[in-house]
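Peer 1: Contents of entry06.pdb (PDB, C-alpha atoms and all ligand atoms) are below:
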```
ATOM      1  CA  ILE A 144      13.695-111.336  31.941
ATOM      2  CA  GLN A 145      13.558-115.026  31.285
ATOM      3  CA  TRP A 146      10.528-116.381  29.468
ATOM      4  CA  PHE A 147       9.807-120.047  29.143
ATOM      5  CA  PRO A 148      10.464-121.573  25.797
ATOM      6  CA  GLY A 149      10.315-125.184  27.021
ATOM      7  CA  HIS A 150       7.885-127.872  25.997
ATOM      8  CA  MET A 151       6.521-125.878  23.082
ATOM      9  CA  ASN A 152       6.531-128.609  20.498
ATOM     10  CA  LYS A 153       5.127-131.188  22.833
ATOM     11  CA  ALA A 154       2.356-128.829  23.869
ATOM     12  CA  LYS A 155       1.604-127.976  20.263
ATOM     13  CA  LYS A 156       1.225-131.599  19.314
ATOM     14  CA  GLN A 157      -0.928-132.339  22.326
ATOM     15  CA  ILE A 158      -3.204-129.407  21.561
ATOM     16  CA  ALA A 159      -3.453-130.395  17.911
ATOM     17  CA  ASP A 160      -4.304-133.997  18.826
ATOM     18  CA  THR A 161      -6.979-132.958  21.279
ATOM     19  CA  MET A 162      -8.430-130.436  18.866
ATOM     20  CA  ALA A 163      -8.947-133.152  16.322
ATOM     21  CA  LYS A 164     -11.196-134.930  18.816
ATOM     22  CA  VAL A 165     -13.371-132.028  19.898
ATOM     23  CA  ASP A 166     -16.038-129.934  18.194
ATOM     24  CA  MET A 167     -14.965-126.554  19.464
ATOM     25  CA  VAL A 168     -12.499-124.698  21.624
ATOM     26  CA  ILE A 169     -13.086-122.486  24.598
ATOM     27  CA  GLU A 170     -10.290-119.951  24.701
ATOM     28  CA  VAL A 171      -9.904-118.373  28.105
ATOM     29  CA  LEU A 172      -8.387-114.921  27.730
ATOM     30  CA  ASP A 173      -7.498-112.190  30.198
ATOM     31  CA  ALA A 174      -9.903-109.289  29.614
ATOM     32  CA  ARG A 175      -7.116-106.837  30.438
ATOM     33  CA  LEU A 176      -4.971-108.113  27.587
ATOM     34  CA  PRO A 177      -7.053-110.455  25.468
ATOM     35  CA  GLN A 178      -5.015-110.231  22.296
ATOM     36  CA  ILE A 179      -1.723-110.715  24.073
ATOM     37  CA  THR A 180      -3.135-113.775  25.877
ATOM     38  CA  THR A 181      -4.372-115.183  22.569
ATOM     39  CA  ASN A 182      -2.071-117.788  21.117
ATOM     40  CA  PRO A 183      -1.876-117.436  17.327
ATOM     41  CA  LEU A 184      -1.136-121.143  17.110
ATOM     42  CA  ILE A 185      -4.649-121.888  18.348
ATOM     43  CA  HIS A 186      -6.117-119.791  15.570
ATOM     44  CA  GLU A 187      -3.993-121.598  13.031
ATOM     45  CA  LEU A 188      -5.058-125.014  14.304
ATOM     46  CA  ARG A 189      -8.697-123.936  14.491
ATOM     47  CA  VAL A 190      -8.728-122.742  10.921
ATOM     48  CA  HIS A 191      -7.054-125.938   9.798
ATOM     49  CA  ARG A 192      -9.596-128.084  11.637
ATOM     50  CA  GLN A 193     -12.516-125.690  11.160
ATOM     51  CA  ARG A 194     -13.230-125.549  14.848
ATOM     52  CA  PRO A 195     -15.281-122.639  16.205
ATOM     53  CA  SER A 196     -14.184-120.796  19.335
ATOM     54  CA  LEU A 197     -15.925-119.356  22.325
ATOM     55  CA  LYS A 198     -13.702-116.690  23.823
ATOM     56  CA  VAL A 199     -14.250-116.290  27.536
ATOM     57  CA  LEU A 200     -12.850-113.055  28.911
ATOM     58  CA  ASN A 201     -11.832-113.682  32.513
ATOM     59  CA  LYS A 202     -10.828-111.028  35.005
ATOM     60  CA  ALA A 203     -13.190-108.506  33.418
ATOM     61  CA  ASP A 204     -13.846-107.420  36.999
ATOM     62  CA  LEU A 205     -10.269-106.096  37.031
ATOM     63  CA  ALA A 206     -10.408-104.499  33.573
ATOM     64  CA  ASP A 207     -11.771-101.172  32.394
ATOM     65  CA  PRO A 208     -15.421-101.976  31.553
ATOM     66  CA  LYS A 209     -15.475 -99.667  28.518
ATOM     67  CA  VAL A 210     -12.423-101.328  27.045
ATOM     68  CA  THR A 211     -13.876-104.770  27.733
ATOM     69  CA  ALA A 212     -17.072-103.788  25.904
ATOM     70  CA  ALA A 213     -14.922-102.730  22.949
ATOM     71  CA  TRP A 214     -13.142-106.098  23.005
ATOM     72  CA  VAL A 215     -16.440-107.950  23.009
ATOM     73  CA  GLN A 216     -17.455-106.023  19.883
ATOM     74  CA  PHE A 217     -14.050-106.666  18.362
ATOM     75  CA  PHE A 218     -14.178-110.448  18.838
ATOM     76  CA  LYS A 219     -17.780-110.611  17.631
ATOM     77  CA  GLN A 220     -16.508-109.592  14.193
ATOM     78  CA  GLU A 221     -14.392-112.714  13.940
ATOM     79  CA  ALA A 222     -15.785-115.582  11.925
ATOM     80  CA  ASN A 223     -16.808-118.745  13.726
ATOM     81  CA  THR A 224     -16.400-117.066  17.086
ATOM     82  CA  ALA A 225     -18.560-116.126  20.047
ATOM     83  CA  VAL A 226     -17.504-114.142  23.093
ATOM     84  CA  ILE A 227     -18.635-113.719  26.697
ATOM     85  CA  THR A 228     -17.032-112.398  29.871
ATOM     86  CA  LEU A 229     -16.776-114.764  32.829
ATOM     87  CA  GLU A 230     -18.505-112.010  34.814
ATOM     88  CA  GLU A 231     -21.489-112.190  32.484
ATOM     89  CA  ALA A 232     -21.442-115.979  32.296
ATOM     90  CA  THR A 233     -21.515-116.400  36.069
ATOM     91  CA  LYS A 234     -24.510-114.107  36.517
ATOM     92  CA  ALA A 235     -26.608-117.156  35.809
ATOM     93  CA  ARG A 236     -25.684-119.873  38.266
ATOM     94  CA  ASP A 237     -26.347-122.574  35.735
ATOM     95  CA  MET A 238     -23.893-121.011  33.265
ATOM     96  CA  GLY A 239     -26.742-121.372  30.787
ATOM     97  CA  LYS A 240     -25.748-118.434  28.625
ATOM     98  CA  LEU A 241     -22.239-119.719  28.075
ATOM     99  CA  LEU A 242     -23.444-123.234  27.296
ATOM    100  CA  LYS A 243     -26.022-121.856  24.878
ATOM    101  CA  LEU A 244     -23.254-120.031  23.021
ATOM    102  CA  CYS A 245     -21.325-123.301  22.815
ATOM    103  CA  ARG A 246     -24.280-125.140  21.358
ATOM    104  CA  GLU A 247     -24.919-122.360  18.848
ATOM    105  CA  LEU A 248     -21.348-122.623  17.616
ATOM    106  CA  VAL A 249     -21.777-126.283  16.721
ATOM    107  CA  PRO A 250     -25.326-126.483  15.362
ATOM    108  CA  HIS A 251     -24.673-129.858  13.764
ATOM    109  CA  ARG A 252     -24.129-131.432  17.187
ATOM    110  CA  THR A 253     -27.140-129.844  18.813
ATOM    111  CA  GLY A 254     -30.643-131.162  18.950
ATOM    112  CA  GLY A 255     -29.517-134.761  18.857
ATOM    113  CA  GLU A 256     -27.987-136.954  21.473
ATOM    114  CA  LYS A 257     -24.509-136.080  20.402
ATOM    115  CA  PRO A 258     -22.647-134.175  23.069
ATOM    116  CA  VAL A 259     -20.719-131.021  22.334
ATOM    117  CA  ARG A 260     -17.091-131.726  22.976
ATOM    118  CA  ALA A 261     -14.987-128.729  23.859
ATOM    119  CA  MET A 262     -11.434-128.176  24.936
ATOM    120  CA  ILE A 263     -10.461-125.365  27.226
ATOM    121  CA  LEU A 264      -7.294-123.512  26.408
ATOM    122  CA  GLY A 265      -5.529-120.582  27.901
ATOM    123  CA  VAL A 266      -2.201-119.423  29.208
ATOM    124  CA  PRO A 267      -1.276-120.362  32.782
ATOM    125  CA  ASN A 268      -3.133-118.449  35.486
ATOM    126  CA  VAL A 269      -5.684-116.931  33.149
ATOM    127  CA  GLY A 270      -8.524-118.680  34.986
ATOM    128  CA  LYS A 271      -9.194-121.987  33.258
ATOM    129  CA  SER A 272      -9.744-123.880  36.522
ATOM    130  CA  THR A 273     -11.988-121.101  37.751
ATOM    131  CA  LEU A 274     -14.162-121.459  34.682
ATOM    132  CA  ILE A 275     -14.188-125.236  34.982
ATOM    133  CA  ASN A 276     -15.185-124.996  38.633
ATOM    134  CA  HIS A 277     -18.090-122.749  37.734
ATOM    135  CA  LEU A 278     -19.205-125.269  35.162
ATOM    136  CA  ALA A 279     -18.665-128.228  37.462
ATOM    137  CA  LYS A 280     -20.684-126.649  40.257
ATOM    138  CA  ARG A 281     -23.787-127.120  38.202
ATOM    139  CA  LYS A 282     -25.919-129.813  39.700
ATOM    140  CA  LEU A 283     -25.327-133.254  38.275
ATOM    141  CA  ALA A 284     -22.070-132.244  36.718
ATOM    142  CA  LYS A 285     -19.455-134.918  36.980
ATOM    143  CA  VAL A 286     -15.785-134.130  37.105
ATOM    144  CA  ALA A 287     -13.666-137.140  36.413
ATOM    145  CA  ASP A 288     -10.288-138.032  35.129
ATOM    146  CA  THR A 289     -10.474-139.499  31.681
ATOM    147  CA  PRO A 290      -8.620-142.746  31.274
ATOM    148  CA  GLY A 291      -6.162-142.820  28.485
ATOM    149  CA  VAL A 292      -5.329-139.165  28.445
ATOM    150  CA  THR A 293      -2.670-137.206  30.213
ATOM    151  CA  GLN A 294      -3.054-136.875  33.921
ATOM    152  CA  SER A 295      -3.606-133.197  33.567
ATOM    153  CA  GLN A 296      -6.695-133.723  31.472
ATOM    154  CA  GLN A 297     -10.090-133.818  33.020
ATOM    155  CA  ARG A 298     -13.494-134.485  31.675
ATOM    156  CA  ILE A 299     -16.618-132.762  32.833
ATOM    157  CA  GLU A 300     -19.975-134.032  31.777
ATOM    158  CA  LEU A 301     -22.801-131.625  32.132
ATOM    159  CA  PRO A 302     -26.455-132.514  32.291
ATOM    160  CA  ASP A 303     -27.212-131.001  28.921
ATOM    161  CA  SER A 304     -24.575-133.283  27.525
ATOM    162  CA  THR A 305     -21.873-130.728  26.974
ATOM    163  CA  ILE A 306     -18.545-132.331  27.567
ATOM    164  CA  LEU A 307     -15.519-130.330  28.366
ATOM    165  CA  VAL A 308     -12.034-131.585  28.001
ATOM    166  CA  ASP A 309      -9.548-129.551  29.920
ATOM    167  CA  THR A 310      -5.911-129.213  29.058
ATOM    168  CA  PRO A 311      -4.674-127.069  31.891
ATOM    169  CA  GLY A 312      -1.681-124.871  31.676
ATOM    170  CA  MET A 313      -0.362-126.225  28.460
ATOM    171  CA  MET A 314      -0.578-123.199  26.305
ATOM    172  CA  TRP A 315       2.276-120.826  26.731
ATOM    173  CA  PRO A 316       1.793-117.315  25.493
ATOM    174  CA  LYS A 317       3.558-116.335  22.357
ATOM    175  CA  ILE A 318       5.554-113.382  23.519
ATOM    176  CA  ALA A 319       5.958-111.157  20.522
ATOM    177  CA  SER A 320       7.809-108.337  22.207
ATOM    178  CA  ASN A 321       9.311-107.405  25.537
ATOM    179  CA  ASN A 322       6.352-105.128  26.192
ATOM    180  CA  HIS A 323       4.002-108.067  25.801
ATOM    181  CA  GLY A 324       6.151-110.014  28.226
ATOM    182  CA  TYR A 325       6.012-107.213  30.758
ATOM    183  CA  LYS A 326       2.249-106.936  30.438
ATOM    184  CA  LEU A 327       1.810-110.676  30.879
ATOM    185  CA  ALA A 328       3.995-110.591  33.962
ATOM    186  CA  LEU A 329       2.217-107.528  35.354
ATOM    187  CA  SER A 330      -1.194-109.123  34.929
ATOM    188  CA  GLY A 331      -0.005-112.239  36.750
ATOM    189  CA  THR A 332      -0.617-114.400  33.724
ATOM    190  CA  ILE A 333       2.818-115.895  33.839
ATOM    191  CA  GLY A 334       4.447-117.347  36.882
ATOM    192  CA  ARG A 335       6.604-115.514  39.360
ATOM    193  CA  ASN A 336       9.693-117.474  38.556
ATOM    194  CA  ALA A 337       9.628-116.400  34.945
ATOM    195  CA  PHE A 338      10.482-112.771  35.467
ATOM    196  CA  ASP A 339      12.279-110.316  37.641
ATOM    197  CA  ALA A 340       9.726-108.422  39.729
ATOM    198  CA  VAL A 341      11.798-105.251  39.874
ATOM    199  CA  ASP A 342      12.184-105.140  36.111
ATOM    200  CA  VAL A 343       8.456-105.597  35.610
ATOM    201  CA  ALA A 344       7.604-102.972  38.234
ATOM    202  CA  TRP A 345       9.866-100.436  36.495
ATOM    203  CA  TYR A 346       7.988-101.079  33.301
ATOM    204  CA  ALA A 347       4.681-100.839  35.173
ATOM    205  CA  MET A 348       5.525 -97.432  36.606
ATOM    206  CA  GLY A 349       6.477 -96.086  33.195
ATOM    207  CA  TRP A 350       3.315 -97.475  31.613
ATOM    208  CA  LEU A 351       1.045 -96.279  34.424
ATOM    209  CA  ALA A 352       2.567 -92.803  34.333
ATOM    210  CA  LEU A 353       1.214 -92.572  30.800
ATOM    211  CA  HIS A 354      -2.085 -94.393  31.246
ATOM    212  CA  ALA A 355      -3.173 -93.835  34.831
ATOM    213  CA  PRO A 356      -1.140 -90.826  36.003
ATOM    214  CA  SER A 357      -3.468 -89.413  38.625
ATOM    215  CA  THR A 358      -4.017 -92.791  40.259
ATOM    216  CA  ILE A 359      -0.344 -93.525  40.767
ATOM    217  CA  ALA A 360       0.429 -89.915  41.701
ATOM    218  CA  THR A 361      -1.979 -90.271  44.616
ATOM    219  CA  ARG A 362      -1.178 -93.843  45.557
ATOM    220  CA  TYR A 363       2.594 -93.422  45.575
ATOM    221  CA  LYS A 364       2.869 -89.703  46.328
ATOM    222  CA  LEU A 365       4.581 -88.904  43.052
ATOM    223  CA  LYS A 366       4.997 -85.335  41.870
ATOM    224  CA  ASP A 367       6.616 -85.422  38.477
ATOM    225  CA  LEU A 368       5.243 -88.152  36.260
ATOM    226  CA  SER A 369       7.447 -87.207  33.331
ATOM    227  CA  GLN A 370      10.267 -89.139  35.014
ATOM    228  CA  PRO A 371      11.197 -92.561  33.685
ATOM    229  CA  GLY A 372       9.763 -95.719  35.260
ATOM    230  CA  ASP A 373      12.813 -96.602  37.334
ATOM    231  CA  VAL A 374      12.905 -93.122  38.902
ATOM    232  CA  LEU A 375       9.171 -93.274  39.700
ATOM    233  CA  PHE A 376       9.734 -96.737  41.151
ATOM    234  CA  GLU A 377      12.417 -95.442  43.491
ATOM    235  CA  GLN A 378      10.276 -92.484  44.582
ATOM    236  CA  ALA A 379       7.280 -94.725  45.180
ATOM    237  CA  GLY A 380       9.302 -97.167  47.279
ATOM    238  CA  ARG A 381      10.767 -94.380  49.377
ATOM    239  CA  ALA A 382       7.344 -92.781  49.827
ATOM    240  CA  MET A 383       6.095 -96.119  51.165
ATOM    241  CA  GLY A 384       9.049 -96.326  53.556
ATOM    242  CA  TYR A 385      10.630 -99.404  51.985
ATOM    243  CA  ILE A 386      14.139 -98.487  53.033
ATOM    244  CA  LEU A 387      16.983-100.778  54.006
ATOM    245  CA  PRO A 388      19.947 -99.945  56.261
ATOM    246  CA  GLY A 389      22.216 -97.437  54.603
ATOM    247  CA  ASN A 390      19.201 -95.636  53.120
ATOM    248  CA  ARG A 391      19.024 -98.109  50.284
ATOM    249  CA  LEU A 392      15.693 -98.772  48.620
ATOM    250  CA  ASP A 393      14.148-102.169  49.331
ATOM    251  CA  GLU A 394      13.603-102.887  45.676
ATOM    252  CA  GLN A 395      12.019-106.274  46.139
ATOM    253  CA  LYS A 396       9.418-105.036  48.559
ATOM    254  CA  THR A 397       8.667-102.015  46.386
ATOM    255  CA  ALA A 398       8.233-104.207  43.335
ATOM    256  CA  GLU A 399       5.981-106.688  45.124
ATOM    257  CA  ARG A 400       3.803-103.850  46.401
ATOM    258  CA  ILE A 401       3.376-102.307  42.963
ATOM    259  CA  LEU A 402       2.615-105.638  41.282
ATOM    260  CA  THR A 403       0.148-106.580  44.004
ATOM    261  CA  ASP A 404      -1.554-103.186  43.777
ATOM    262  CA  PHE A 405      -1.986-103.603  40.054
ATOM    263  CA  ARG A 406      -3.221-107.186  40.227
ATOM    264  CA  ALA A 407      -5.711-106.522  42.993
ATOM    265  CA  ALA A 408      -7.051-103.505  41.085
ATOM    266  CA  THR A 409      -6.060-101.281  44.009
ATOM    267  CA  LEU A 410      -5.020 -98.848  41.291
ATOM    268  CA  GLY A 411      -8.453 -99.149  39.677
ATOM    269  CA  ARG A 412      -9.715-101.284  36.838
ATOM    270  CA  ILE A 413      -7.046-100.965  34.206
ATOM    271  CA  SER A 414      -6.880-102.643  30.794
ATOM    272  CA  LEU A 415      -3.400-103.156  29.414
ATOM    273  CA  GLU A 416      -4.474-103.431  25.802
ATOM    274  CA  ARG A 417      -7.214-101.948  23.610
ATOM    275  CA  PRO A 418      -8.570-103.204  20.320
ATOM    276  CA  ASN A 419      -6.617-101.811  17.404
ATOM    277  CA  ASP A 420      -3.813-100.546  19.579
ATOM    278  CA  PRO A 421      -0.859 -99.706  17.438
ATOM    279  CA  LEU A 422       1.418-102.720  17.486
ATOM    280  CA  ASP A 423       3.034-102.653  20.860
ATOM    281  CA  MET A 424       6.503-103.530  19.702
ATOM    282  CA  ASP A 425       9.521-102.224  21.422
ATOM    283  CA  LEU A 426      12.599-101.696  19.362
ATOM    284  CA  GLY A 427      15.356-104.205  19.401
ATOM    285  CA  GLU A 428      13.392-107.210  20.522
ATOM    286  CA  GLU A 429      14.118-110.558  19.110
ATOM    287  CA  GLU A 430      12.504-111.280  15.775
ATOM    288  CA  ASP A 431       9.635-113.674  15.552
ATOM    289  CA  ALA A 432       8.704-114.659  12.055
TER     290      ALA A 432
HETATM  291  P1  LIG A 501      -5.549-121.436  35.445
HETATM  292  O1  LIG A 501      -4.086-121.591  35.701
HETATM  293  O2  LIG A 501      -5.794-120.917  34.067
HETATM  294  O3  LIG A 501      -6.375-122.654  35.738
HETATM  295  O4  LIG A 501      -6.051-120.264  36.414
HETATM  296  P2  LIG A 501      -6.905-120.343  37.768
HETATM  297  O5  LIG A 501      -8.323-120.679  37.486
HETATM  298  O6  LIG A 501      -6.183-121.162  38.764
HETATM  299  O7  LIG A 501      -6.883-118.818  38.206
HETATM  300  C1  LIG A 501      -5.681-118.134  38.535
HETATM  301  C2  LIG A 501      -5.992-117.020  39.514
HETATM  302  O8  LIG A 501      -6.829-116.041  38.893
HETATM  303  C3  LIG A 501      -6.773-117.501  40.734
HETATM  304  O9  LIG A 501      -6.280-116.798  41.867
HETATM  305  C4  LIG A 501      -8.204-117.111  40.433
HETATM  306  O10 LIG A 501      -8.942-116.890  41.605
HETATM  307  C5  LIG A 501      -8.020-115.832  39.643
HETATM  308  N1  LIG A 501      -9.124-115.586  38.698
HETATM  309  C6  LIG A 501      -9.577-116.411  37.721
HETATM  310  N2  LIG A 501     -10.585-115.850  37.034
HETATM  311  C7  LIG A 501     -10.785-114.631  37.610
HETATM  312  C8  LIG A 501     -11.678-113.540  37.333
HETATM  313  O11 LIG A 501     -12.522-113.561  36.429
HETATM  314  N3  LIG A 501     -11.534-112.434  38.144
HETATM  315  C9  LIG A 501     -10.610-112.352  39.145
HETATM  316  N4  LIG A 501     -10.572-111.225  39.858
HETATM  317  N5  LIG A 501      -9.761-113.355  39.404
HETATM  318  C10 LIG A 501      -9.855-114.475  38.661
END
```
As structure tokens - that is how I would like this structure written.
Peer 2:
Amino acid sequence: IQWFPGHMNKAKKQIADTMAKVDMVIEVLDARLPQITTNPLIHELRVHRQRPSLKVLNKADLADPKVTAAWVQFFKQEANTAVITLEEATKARDMGKLLKLCRELVPHRTGGEKPVRAMILGVPNVGKSTLINHLAKRKLAKVADTPGVTQSQQRIELPDSTILVDTPGMMWPKIASNNHGYKLALSGTIGRNAFDAVDVAWYAMGWLALHAPSTIATRYKLKDLSQPGDVLFEQAGRAMGYILPGNRLDEQKTAERILTDFRAATLGRISLERPNDPLDMDLGEEEDA
């Protein structure tokens, strides 16, 4: 598996510069793996600059609701932090609840004419644009490019004078272990070109055999879930008839099917991470001080 290391320093500087100019951050996280999609660098910069954070848990509709509720409780314990799921935020069409949380995080900016300036951060594909679109759909909201900033930055002015500065796709996940990498790939949070689908699907089958055995037994007609991931993968592909000439398994097609099933929640609403999980470190991964 090949993860992206590129552009890290540039992105870090850009994030730090923007953070200096805003009052708070909106961290978009994937509800199925919110800690793994959290970038520790953001926390570091926030503490340094004393910027509060609203954590928005996207894709809660794909996650196990009980686990998501536990994450909400977990993040509520953090200082200077508020948390809401996108699901919850979009129940009100005016996004009023989310904006209220923003204003509460920066009381010194509220009540006056001063706008709340926020930056939206999150790993690629986590749903930043989706959130921005929900905010921009509010009547009177203006979405405009801001002169003088990078092309990728956008400014949204909302009627209650909240201003959002978007920095799309700039925050790469910090991948602390191979397992984290696999989970990011499985969730679709990192791009297709960054990993080998077959490798990720092998991992997925092994993980699902432990965490959602009955679902995959039914879906892929598997009998013995004590087998390793690659064996389950092969059986699943054959059960689905993904066979090439010479009775070879069509690995690519099998992998795509499994990844799509997971991402579309065809296998049910599954969270890949729980609060206070034991550190999900595989042995022998590269060291990250
Ligand atoms: P960005 O790269 O962070 O801006 O991510 P996007 O907003 O483009 O979203 C990436 C993909 O995830 C899109 O296909 C969205 O429709 C989908 N997505 C975003 N948020 C949610 C969510 O809360 N639930 C579901 N099911 N899909 C979402």
Peer 1: Evaluating the PyMOL selection byres (((not hetatm)) within 9 of (chain A and resi 501)) on the displayed file yields which residues, as number ranges by chain?
Peer 2: A: 171, 173-174, 200-205, 228-230, 264-276, 311-312, 331-332, 406-408
Peer 1: Translate the PyMOL selection byres (((chain A and resi 362) around 12) and not hetatm), as applied to the file shown, into an explicit residue set as a PDB file with C-alpha atoms, in the frame of the given file.
Peer 2:
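Contents of result-v9.pdb, freshly written:
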```pdb
ATOM      1  CA  MET A 348       5.525 -97.432  36.606  1.00  0.00           C
ATOM      2  CA  LEU A 351       1.045 -96.279  34.424  1.00  0.00           C
ATOM      3  CA  ALA A 352       2.567 -92.803  34.333  1.00  0.00           C
ATOM      4  CA  ALA A 355      -3.173 -93.835  34.831  1.00  0.00           C
ATOM      5  CA  PRO A 356      -1.140 -90.826  36.003  1.00  0.00           C
ATOM      6  CA  SER A 357      -3.468 -89.413  38.625  1.00  0.00           C
ATOM      7  CA  THR A 358      -4.017 -92.791  40.259  1.00  0.00           C
ATOM      8  CA  ILE A 359      -0.344 -93.525  40.767  1.00  0.00           C
ATOM      9  CA  ALA A 360       0.429 -89.915  41.701  1.00  0.00           C
ATOM     10  CA  THR A 361      -1.979 -90.271  44.616  1.00  0.00           C
ATOM     11  CA  TYR A 363       2.594 -93.422  45.575  1.00  0.00           C
ATOM     12  CA  LYS A 364       2.869 -89.703  46.328  1.00  0.00           C
ATOM     13  CA  LEU A 365       4.581 -88.904  43.052  1.00  0.00           C
ATOM     14  CA  LYS A 366       4.997 -85.335  41.870  1.00  0.00           C
ATOM     15  CA  LEU A 375       9.171 -93.274  39.700  1.00  0.00           C
ATOM     16  CA  GLN A 378      10.276 -92.484  44.582  1.00  0.00           C
ATOM     17  CA  ALA A 379       7.280 -94.725  45.180  1.00  0.00           C
ATOM     18  CA  GLY A 380       9.302 -97.167  47.279  1.00  0.00           C
ATOM     19  CA  ALA A 382       7.344 -92.781  49.827  1.00  0.00           C
ATOM     20  CA  MET A 383       6.095 -96.119  51.165  1.00  0.00           C
ATOM     21  CA  ARG A 400       3.803-103.850  46.401  1.00  0.00           C
ATOM     22  CA  ILE A 401       3.376-102.307  42.963  1.00  0.00           C
ATOM     23  CA  ASP A 404      -1.554-103.186  43.777  1.00  0.00           C
ATOM     24  CA  PHE A 405      -1.986-103.603  40.054  1.00  0.00           C
ATOM     25  CA  THR A 409      -6.060-101.281  44.009  1.00  0.00           C
ATOM     26  CA  LEU A 410      -5.020 -98.848  41.291  1.00  0.00           C
ATOM     27  CA  GLY A 411      -8.453 -99.149  39.677  1.00  0.00           C
TER      28      GLY A 411
END
```
Peer 1: Run the PyMOL selection byres (((chain A and resi 211) around 9) and not hetatm) on the file and write out the hits as a PyMOL selection string.
Peer 2: chain A and resi 174-175+200+203+206-210+212-216+228+414+417
Peer 1: Using the selection just defined, write its residues with C-alpha atoms as a PDB file, keeping the file's coordinate frame.
Peer 2:
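Produced file selection25.pdb, reproduced below:
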```pdb
ATOM      1  CA  ALA A 174      -9.903-109.289  29.614  1.00  0.00           C
ATOM      2  CA  ARG A 175      -7.116-106.837  30.438  1.00  0.00           C
ATOM      3  CA  LEU A 200     -12.850-113.055  28.911  1.00  0.00           C
ATOM      4  CA  ALA A 203     -13.190-108.506  33.418  1.00  0.00           C
ATOM      5  CA  ALA A 206     -10.408-104.499  33.573  1.00  0.00           C
ATOM      6  CA  ASP A 207     -11.771-101.172  32.394  1.00  0.00           C
ATOM      7  CA  PRO A 208     -15.421-101.976  31.553  1.00  0.00           C
ATOM      8  CA  LYS A 209     -15.475 -99.667  28.518  1.00  0.00           C
ATOM      9  CA  VAL A 210     -12.423-101.328  27.045  1.00  0.00           C
ATOM     10  CA  ALA A 212     -17.072-103.788  25.904  1.00  0.00           C
ATOM     11  CA  ALA A 213     -14.922-102.730  22.949  1.00  0.00           C
ATOM     12  CA  TRP A 214     -13.142-106.098  23.005  1.00  0.00           C
ATOM     13  CA  VAL A 215     -16.440-107.950  23.009  1.00  0.00           C
ATOM     14  CA  GLN A 216     -17.455-106.023  19.883  1.00  0.00           C
ATOM     15  CA  THR A 228     -17.032-112.398  29.871  1.00  0.00           C
ATOM     16  CA  SER A 414      -6.880-102.643  30.794  1.00  0.00           C
ATOM     17  CA  ARG A 417      -7.214-101.948  23.610  1.00  0.00           C
TER      18      ARG A 417
END
```
Peer 1: Taking every listed atom of range 257-275 of chain A and adding 5 Å to each side, what centre and edge lengths in Å (one decimal) does the axis-aligned box have, as AutoDock Vina command-line options?
Peer 2:
```
--center_x -12.9 --center_y -126.5 --center_z 29.1 --size_x 33.2 --size_y 29.1 --size_z 27.3
```
Peer 1: Please measure the separation of CA of Thr233 in chain A and CA of His277 in chain A, giving the value in Å to one decimal.
Peer 2: 7.4 Å
Peer 1: For a test of reading the model, state the distance in Å between CA of Arg236 in chain A and CA of Ser196 in chain A, rounded to one decimal.
Peer 2: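 That distance, rounded to one decimal, is 22.2 Å.
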Peer 1: Report the distance between CA of Leu387 in chain A and CA of Gly349 in chain A in Å, rounded to one decimal place.
Peer 2: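 Between these atoms lies a distance of 23.8 Å.
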Peer 1: Closest to Ile227 in chain A among A:Asp373, A:Glu170, A:Glu399, A:Asp420, using all atoms listed in the file?
Peer 2: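 Among A:Asp373, A:Glu170, A:Glu399, A:Asp420, it is A:Glu170 that comes nearest to Ile227 in chain A.
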Peer 1: From the options A:His191, A:Val259, A:Ile318, A:Leu184, which residue's atoms come nearest to Ala154 in chain A, counting only C-alpha atoms?
Peer 2: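 Nearest candidate to Ala154 in chain A out of A:His191, A:Val259, A:Ile318, A:Leu184: A:Leu184.
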